[in-house]
Amino acid sequence: MICVDNFLTGTRHNVERLSGNPLFSLIEQDVIDPLQIDGPVDEIYNLACAASPPLYQADPVHTMMTCVVGTRNLLTLAEAKGARFLLASTSEVYGDPEQHPQTEEYRGNVNCTGPRACYDEGKRAAETLSFDMLRHGRADARVARIFNTYGPRMLENDGRIVSNLICQALRGQDLTIYGTGTQTRSFCYVSDLIKGLVALMAVTPNPGQPVNLGNPVEITILDLADQVLRKTGALSRLVHLPLPQDDPPRRRPDIMRAYTLLGWQPEVGLDDGLSATINYFKQALVSP
Ligand code: UDP
């Protein structure tokens with residue numbers, strides 16, 4: 001197992017426990033730079049890119065290049081090694097969706113000049129590269145469209161809703177709600193997502209089409225905040241801040257394709273997933 005990471009949004013701490021494992025090696029590098037990997041490679045998971053809006057918008061040009069040049073580099077590596085390739089794409093390819101829930105056939109509604117475009121259009125271009133390499137017989141490329149995912153080992157300052165609310169509640173701070181809080185998302189626990197990615201990498205024949213991976217249980221941001229308050233016992237107040245530009249009002253995956261092709265569906269409900277994530281942050285905030 002070779003892990004390539006520039007630790008832009010991850011931490012060394014997360015992979016430290018693997019450092020003594022002779023089957024694990026770490027290359028500290030940005031995927032934008034050409035990769036030199038010796039020896040055979042069977043499978044490449046392209047999980048590179050900041051995924052939280054504040055972090056991917058902090059350096060938007062780098063975000064787009066990570067998606068486009070990084071994916072090109074990893075597809076080239078897959079071609080050279082004869083490896084299977086999986087792109088972690090995103091529900092953001094649907095933009096502000098006019099279809100609800102979102103099926104893979106829906107072509108999306110992305111504002112290509114807005115602040116989210118570096119990520120959304122970057123991932124759309126990465127999908128294009130992946131399917132072109134597949135069509136031309138150059139790489140066995142697969143594409144997962146990942147919907148909101150959460151769980152232990154998120155960064156506490158990641159900026160996304162689940163980590164923000166939990167860390168704010170545990171610190172007794174106000175919970176930040178952007179806009180009215182009536183916007184919805186559908187939250188998938190990390191272990192479910194990983195099972196979906198592994199199943200998509202393993203399935204034969206190659207599906208040749210993108211596959212949504214996410215939990216179809218949709219809730220409002222206000223409901224999520226209530227659950228976090230109830231589960232942490234925090235007495236925090238809710239404060240409303242401006243809704244970021246192009247923030248999608250609704251999002252929910254149609255996962256029929258993943259179920260049909262992979263036999264995959266999420267198993268961990270929000271209640272259990274939030275408990276595990278809250279327990280993680282209780283530890284992490286005490287001893288980072
Ligand atoms: N959000 C919020 N408070 C926060 C962080 C996010 O109300 O502290 C909202 C955000 O505006 C969006 C939703 O929660 O409507 C999910 O945001 P997140 O950044 O987690 O992911 P997104 O789905 O927007 O990529």
# chains A, B, ... in the order shown; residues from 1 in each chain; ligands from 1
$ residues_around --residues "stretch 28-36 of chain A" --least-positions-apart "2" --cutoff "6 Å" --atoms "only C-alpha atoms" --output "count of residues only"
6
$ closest_atom_pairs --of "chain A" --to "ligand 1" --cutoff "7 Å" --atoms "only C-alpha atoms and all ligand atoms" --output "tab-separated table"
residue	atom	partner	partner_atom_place_in_ligand_line	distance
A:Ser52	CA	ligand 1	19 (O)	5.5
A:Pro53	CA	ligand 1	19 (O)	5.5
A:Asn148	CA	ligand 1	23 (O)	5.9
A:Gly159	CA	ligand 1	5 (C)	5.9
A:Arg160	CA	ligand 1	20 (O)	3.4
A:Ile161	CA	ligand 1	5 (C)	3.8
A:Val162	CA	ligand 1	20 (O)	6.3
A:Asn164	CA	ligand 1	8 (O)	5.1
A:Leu165	CA	ligand 1	8 (O)	6.3
A:Thr176	CA	ligand 1	8 (O)	4.7
A:Ile177	CA	ligand 1	7 (O)	3.6
A:Tyr178	CA	ligand 1	7 (O)	3.7
A:Gly179	CA	ligand 1	7 (O)	6.7
A:Gly181	CA	ligand 1	7 (O)	6.0
A:Gln183	CA	ligand 1	15 (O)	5.7
A:Thr184	CA	ligand 1	15 (O)	6.9
A:Arg185	CA	ligand 1	16 (C)	6.5
A:Ile221	CA	ligand 1	14 (O)	5.9
A:Leu243	CA	ligand 1	11 (O)	5.6
A:Pro244	CA	ligand 1	11 (O)	6.0
A:Asp247	CA	ligand 1	15 (O)	5.6
A:Pro248	CA	ligand 1	15 (O)	6.5
A:Pro249	CA	ligand 1	15 (O)	6.7
$ select_by_dssp --residues "stretch 112-284 of chain A" --states "strand (DSSP E or B)" --output "JSON, numbers by chain"
{"A": [140, 141, 142, 143, 144, 145, 146, 149, 150, 175, 176, 177, 178, 184, 185, 186, 188, 189, 211, 212, 213, 218, 219, 220, 238, 239, 240, 241, 253]}
$ atom_distance --atom1 "atom CA of A:Ser89" --atom2 "atom CA of A:Glu127"
7.1 Å
$ residues_around --residues "A:Arg72" --least-positions-apart "2" --cutoff "12 Å" --atoms "only C-alpha atoms" --output "VMD selection string"
chain A and resid 31 to 35 46 65 to 70 74 to 79 85 87 122 to 123 125 to 133 138 to 139 141
$ residues_around --residues "A:Pro216" --least-positions-apart "4" --cutoff "8 Å" --atoms "only C-alpha atoms" --output "MDAnalysis selection string"
chainID A and resid 186:187 252:255
$ write_last_selection --atoms "N, CA, C and O atoms" --output "CSV table (one decimal), in the first residue's frame"
chain,number,residue,atom,x,y,z
A,186,SER,N,-27.6,15.0,3.0
A,186,SER,CA,-27.8,13.6,3.3
A,186,SER,C,-26.5,13.1,3.7
A,186,SER,O,-25.6,13.2,2.9
A,187,PHE,N,-26.3,12.7,4.9
A,187,PHE,CA,-25.0,12.4,5.5
A,187,PHE,C,-24.7,10.9,5.5
A,187,PHE,O,-25.4,10.2,6.2
A,252,ARG,N,-29.8,15.1,-2.2
A,252,ARG,CA,-30.0,13.7,-1.8
A,252,ARG,C,-29.7,12.8,-2.9
A,252,ARG,O,-30.2,13.0,-4.0
A,253,PRO,N,-28.9,11.8,-2.6
A,253,PRO,CA,-28.6,10.8,-3.7
A,253,PRO,C,-29.7,9.8,-4.0
A,253,PRO,O,-30.3,9.3,-3.1
A,254,ASP,N,-29.8,9.5,-5.3
A,254,ASP,CA,-30.5,8.3,-5.7
A,254,ASP,C,-29.4,7.2,-5.8
A,254,ASP,O,-28.5,7.4,-6.6
A,255,ILE,N,-29.6,6.2,-5.0
A,255,ILE,CA,-28.5,5.2,-4.9
A,255,ILE,C,-28.9,3.9,-5.6
A,255,ILE,O,-28.2,2.8,-5.3
$ residues_around --residues "A:Tyr56" --least-positions-apart "6" --cutoff "8 Å" --atoms "only C-alpha atoms" --output "ChimeraX atom specification"
/A:49-50,63,118-119
$ residues_around --residues "A:Leu170" --least-positions-apart "5" --cutoff "10 Å" --atoms "only C-alpha atoms" --output "ChimeraX atom specification"
/A:165,228-229,232-236,278,281-282,285
$ select_by_dssp --residues "stretch 8-237 of chain A" --states "alpha helix (DSSP H)" --output "compact mmCIF listing (two decimals) with N, CA and C atoms, in the first residue's frame"
# COMPACT_ATOMS: atom_id res chain seq x y z
N HIS A 13 -0.57 12.41 11.61
CA HIS A 13 -1.04 11.63 12.76
C HIS A 13 -1.96 10.48 12.30
N ASN A 14 -2.77 10.74 11.27
CA ASN A 14 -3.72 9.72 10.81
C ASN A 14 -3.05 8.49 10.22
N VAL A 15 -1.82 8.64 9.72
CA VAL A 15 -1.15 7.48 9.11
C VAL A 15 0.05 7.00 9.93
N GLU A 16 0.31 7.69 11.04
CA GLU A 16 1.48 7.33 11.86
C GLU A 16 1.45 5.88 12.32
N PRO A 53 -15.84 23.45 1.46
CA PRO A 53 -15.88 24.72 0.72
C PRO A 53 -14.83 25.75 1.18
N PRO A 54 -14.66 26.03 2.48
CA PRO A 54 -13.65 27.05 2.81
C PRO A 54 -12.23 26.62 2.43
N LEU A 55 -11.93 25.32 2.55
CA LEU A 55 -10.57 24.88 2.24
C LEU A 55 -10.33 24.81 0.74
N TYR A 56 -11.31 24.33 -0.05
CA TYR A 56 -11.04 24.28 -1.49
C TYR A 56 -11.12 25.66 -2.14
N GLN A 57 -11.80 26.59 -1.47
CA GLN A 57 -11.86 27.96 -2.02
C GLN A 57 -10.67 28.81 -1.57
N ALA A 58 -9.89 28.31 -0.61
CA ALA A 58 -8.75 29.10 -0.11
C ALA A 58 -7.70 29.29 -1.21
N PRO A 60 -8.22 28.43 -4.99
CA PRO A 60 -9.08 27.80 -6.00
C PRO A 60 -8.31 27.30 -7.22
N VAL A 61 -7.25 27.99 -7.60
CA VAL A 61 -6.50 27.53 -8.78
C VAL A 61 -5.82 26.19 -8.46
N HIS A 62 -5.28 26.08 -7.27
CA HIS A 62 -4.67 24.82 -6.87
C HIS A 62 -5.72 23.71 -6.82
N THR A 63 -6.93 24.04 -6.35
CA THR A 63 -8.01 23.04 -6.29
C THR A 63 -8.31 22.50 -7.69
N MET A 64 -8.47 23.42 -8.63
CA MET A 64 -8.79 22.97 -9.99
C MET A 64 -7.66 22.15 -10.58
N MET A 65 -6.42 22.58 -10.33
CA MET A 65 -5.27 21.83 -10.87
C MET A 65 -5.15 20.46 -10.20
N THR A 66 -5.48 20.38 -8.90
CA THR A 66 -5.45 19.08 -8.22
C THR A 66 -6.41 18.13 -8.92
N CYS A 67 -7.60 18.63 -9.25
CA CYS A 67 -8.60 17.78 -9.90
C CYS A 67 -8.16 17.41 -11.32
N VAL A 68 -7.68 18.38 -12.07
CA VAL A 68 -7.45 18.13 -13.49
C VAL A 68 -6.05 17.53 -13.71
N VAL A 69 -5.01 18.25 -13.28
CA VAL A 69 -3.65 17.76 -13.51
C VAL A 69 -3.38 16.53 -12.65
N GLY A 70 -3.86 16.56 -11.40
CA GLY A 70 -3.67 15.40 -10.52
C GLY A 70 -4.31 14.16 -11.09
N THR A 71 -5.53 14.30 -11.59
CA THR A 71 -6.22 13.15 -12.17
C THR A 71 -5.51 12.69 -13.43
N ARG A 72 -5.06 13.64 -14.26
CA ARG A 72 -4.30 13.25 -15.46
C ARG A 72 -3.05 12.44 -15.05
N ASN A 73 -2.33 12.93 -14.04
CA ASN A 73 -1.10 12.23 -13.61
C ASN A 73 -1.42 10.82 -13.13
N LEU A 74 -2.48 10.68 -12.36
CA LEU A 74 -2.80 9.35 -11.80
C LEU A 74 -3.37 8.43 -12.88
N LEU A 75 -4.10 8.98 -13.84
CA LEU A 75 -4.57 8.15 -14.96
C LEU A 75 -3.39 7.68 -15.81
N THR A 76 -2.42 8.56 -15.98
CA THR A 76 -1.22 8.18 -16.74
C THR A 76 -0.48 7.07 -16.02
N LEU A 77 -0.42 7.17 -14.70
CA LEU A 77 0.22 6.11 -13.90
C LEU A 77 -0.58 4.80 -14.05
N ALA A 78 -1.90 4.90 -14.01
CA ALA A 78 -2.74 3.70 -14.16
C ALA A 78 -2.50 3.05 -15.53
N GLU A 79 -2.37 3.88 -16.54
CA GLU A 79 -2.12 3.36 -17.89
C GLU A 79 -0.76 2.64 -17.94
N ALA A 80 0.25 3.29 -17.35
CA ALA A 80 1.61 2.70 -17.39
C ALA A 80 1.67 1.40 -16.60
N LYS A 81 0.92 1.31 -15.51
CA LYS A 81 1.01 0.13 -14.64
C LYS A 81 -0.07 -0.91 -14.95
N ALA A 117 -16.91 26.75 -8.31
CA ALA A 117 -16.62 26.15 -9.61
C ALA A 117 -15.25 25.47 -9.65
N CYS A 118 -14.28 26.00 -8.90
CA CYS A 118 -12.94 25.39 -8.92
C CYS A 118 -13.03 23.91 -8.57
N TYR A 119 -13.92 23.59 -7.64
CA TYR A 119 -14.10 22.19 -7.22
C TYR A 119 -15.07 21.47 -8.15
N ASP A 120 -16.23 22.09 -8.38
CA ASP A 120 -17.27 21.43 -9.17
C ASP A 120 -16.79 21.17 -10.60
N GLU A 121 -16.28 22.22 -11.24
CA GLU A 121 -15.83 22.06 -12.63
C GLU A 121 -14.55 21.25 -12.69
N GLY A 122 -13.71 21.37 -11.65
CA GLY A 122 -12.50 20.53 -11.60
C GLY A 122 -12.86 19.07 -11.59
N LYS A 123 -13.84 18.71 -10.76
CA LYS A 123 -14.25 17.30 -10.68
C LYS A 123 -14.98 16.87 -11.95
N ARG A 124 -15.74 17.77 -12.56
CA ARG A 124 -16.40 17.43 -13.82
C ARG A 124 -15.34 17.13 -14.89
N ALA A 125 -14.30 17.97 -14.94
CA ALA A 125 -13.22 17.72 -15.91
C ALA A 125 -12.49 16.41 -15.58
N ALA A 126 -12.33 16.13 -14.30
CA ALA A 126 -11.67 14.87 -13.89
C ALA A 126 -12.51 13.68 -14.35
N GLU A 127 -13.83 13.80 -14.27
CA GLU A 127 -14.70 12.72 -14.78
C GLU A 127 -14.51 12.56 -16.29
N THR A 128 -14.43 13.69 -16.99
CA THR A 128 -14.25 13.64 -18.44
C THR A 128 -12.95 12.91 -18.78
N LEU A 129 -11.87 13.28 -18.11
CA LEU A 129 -10.58 12.61 -18.35
C LEU A 129 -10.70 11.10 -18.09
N SER A 130 -11.38 10.75 -17.00
CA SER A 130 -11.50 9.33 -16.63
C SER A 130 -12.26 8.56 -17.69
N PHE A 131 -13.38 9.12 -18.16
CA PHE A 131 -14.18 8.39 -19.15
C PHE A 131 -13.51 8.38 -20.53
N ASP A 132 -12.75 9.44 -20.85
CA ASP A 132 -12.01 9.40 -22.13
C ASP A 132 -10.94 8.33 -22.09
N MET A 133 -10.23 8.23 -20.97
CA MET A 133 -9.18 7.19 -20.86
C MET A 133 -9.80 5.80 -20.91
N LEU A 134 -10.99 5.66 -20.35
CA LEU A 134 -11.68 4.37 -20.38
C LEU A 134 -12.13 4.05 -21.81
N ARG A 135 -12.79 5.02 -22.46
CA ARG A 135 -13.30 4.79 -23.82
C ARG A 135 -12.18 4.43 -24.78
N ILE A 161 -20.08 21.03 7.91
CA ILE A 161 -21.12 21.20 8.93
C ILE A 161 -20.97 20.24 10.11
N VAL A 162 -20.71 18.95 9.85
CA VAL A 162 -20.75 18.00 10.97
C VAL A 162 -19.61 18.29 11.95
N SER A 163 -18.40 18.48 11.44
CA SER A 163 -17.29 18.77 12.35
C SER A 163 -17.46 20.13 13.02
N ASN A 164 -17.95 21.12 12.26
CA ASN A 164 -18.18 22.43 12.89
C ASN A 164 -19.16 22.33 14.06
N LEU A 165 -20.31 21.72 13.82
CA LEU A 165 -21.34 21.67 14.87
C LEU A 165 -20.85 20.89 16.08
N ILE A 166 -20.22 19.74 15.85
CA ILE A 166 -19.77 18.92 16.99
C ILE A 166 -18.70 19.67 17.79
N CYS A 167 -17.72 20.23 17.11
CA CYS A 167 -16.64 20.91 17.85
C CYS A 167 -17.19 22.14 18.58
N GLN A 168 -18.09 22.87 17.93
CA GLN A 168 -18.68 24.04 18.62
C GLN A 168 -19.47 23.59 19.85
N ALA A 169 -20.25 22.52 19.71
CA ALA A 169 -21.05 22.05 20.85
C ALA A 169 -20.14 21.59 21.98
N LEU A 170 -19.10 20.85 21.65
CA LEU A 170 -18.21 20.32 22.70
C LEU A 170 -17.45 21.44 23.40
N VAL A 190 -18.49 7.46 7.25
CA VAL A 190 -17.28 7.19 6.48
C VAL A 190 -17.07 5.70 6.18
N SER A 191 -17.40 4.81 7.13
CA SER A 191 -17.13 3.38 6.87
C SER A 191 -18.04 2.86 5.75
N ASP A 192 -19.27 3.37 5.67
CA ASP A 192 -20.15 2.99 4.57
C ASP A 192 -19.57 3.44 3.24
N LEU A 193 -19.10 4.67 3.23
CA LEU A 193 -18.55 5.22 1.99
C LEU A 193 -17.36 4.37 1.52
N ILE A 194 -16.48 4.03 2.45
CA ILE A 194 -15.29 3.26 2.07
C ILE A 194 -15.69 1.90 1.51
N LYS A 195 -16.69 1.27 2.11
CA LYS A 195 -17.15 -0.02 1.55
C LYS A 195 -17.65 0.17 0.12
N GLY A 196 -18.31 1.27 -0.13
CA GLY A 196 -18.80 1.55 -1.48
C GLY A 196 -17.66 1.76 -2.47
N LEU A 197 -16.63 2.49 -2.04
CA LEU A 197 -15.49 2.72 -2.92
C LEU A 197 -14.78 1.41 -3.26
N VAL A 198 -14.59 0.58 -2.23
CA VAL A 198 -13.90 -0.71 -2.44
C VAL A 198 -14.73 -1.60 -3.36
N ALA A 199 -16.05 -1.59 -3.18
CA ALA A 199 -16.92 -2.42 -4.04
C ALA A 199 -16.89 -1.93 -5.48
N LEU A 200 -16.84 -0.62 -5.67
CA LEU A 200 -16.79 -0.09 -7.04
C LEU A 200 -15.46 -0.42 -7.70
N MET A 201 -14.39 -0.40 -6.93
CA MET A 201 -13.08 -0.78 -7.48
C MET A 201 -13.07 -2.26 -7.86
N ALA A 202 -13.78 -3.09 -7.09
CA ALA A 202 -13.69 -4.56 -7.28
C ALA A 202 -14.62 -5.08 -8.36
N ILE A 221 -30.37 21.30 7.98
CA ILE A 221 -29.23 21.67 8.82
C ILE A 221 -29.71 21.98 10.25
N LEU A 222 -30.92 22.56 10.37
CA LEU A 222 -31.47 22.81 11.71
C LEU A 222 -31.69 21.51 12.47
N ASP A 223 -32.22 20.49 11.78
CA ASP A 223 -32.43 19.19 12.44
C ASP A 223 -31.10 18.57 12.87
N LEU A 224 -30.10 18.73 12.02
CA LEU A 224 -28.79 18.20 12.37
C LEU A 224 -28.25 18.89 13.63
N ALA A 225 -28.41 20.21 13.67
CA ALA A 225 -27.94 20.96 14.86
C ALA A 225 -28.67 20.48 16.11
N ASP A 226 -29.99 20.24 16.00
CA ASP A 226 -30.76 19.73 17.14
C ASP A 226 -30.20 18.40 17.62
N GLN A 227 -29.90 17.53 16.67
CA GLN A 227 -29.38 16.20 17.04
C GLN A 227 -28.03 16.33 17.74
N VAL A 228 -27.18 17.22 17.25
CA VAL A 228 -25.87 17.40 17.88
C VAL A 228 -26.04 17.95 19.30
N LEU A 229 -26.95 18.90 19.46
CA LEU A 229 -27.19 19.45 20.81
C LEU A 229 -27.69 18.37 21.75
N ARG A 230 -28.65 17.58 21.26
CA ARG A 230 -29.23 16.52 22.11
C ARG A 230 -28.16 15.50 22.49
N LYS A 231 -27.34 15.10 21.52
CA LYS A 231 -26.40 14.02 21.78
C LYS A 231 -25.20 14.48 22.62
N THR A 232 -24.83 15.75 22.51
CA THR A 232 -23.69 16.24 23.30
C THR A 232 -24.16 16.81 24.64
$ atom_distance --atom1 "atom CA of A:Asp96" --atom2 "atom CA of A:Thr220"
15.9 Å
$ closest_residue --among "A:Gly214, A:Pro242, A:Gly269, A:Gly172" --to "A:Pro101" --atoms "only C-alpha atoms"
A:Gly214
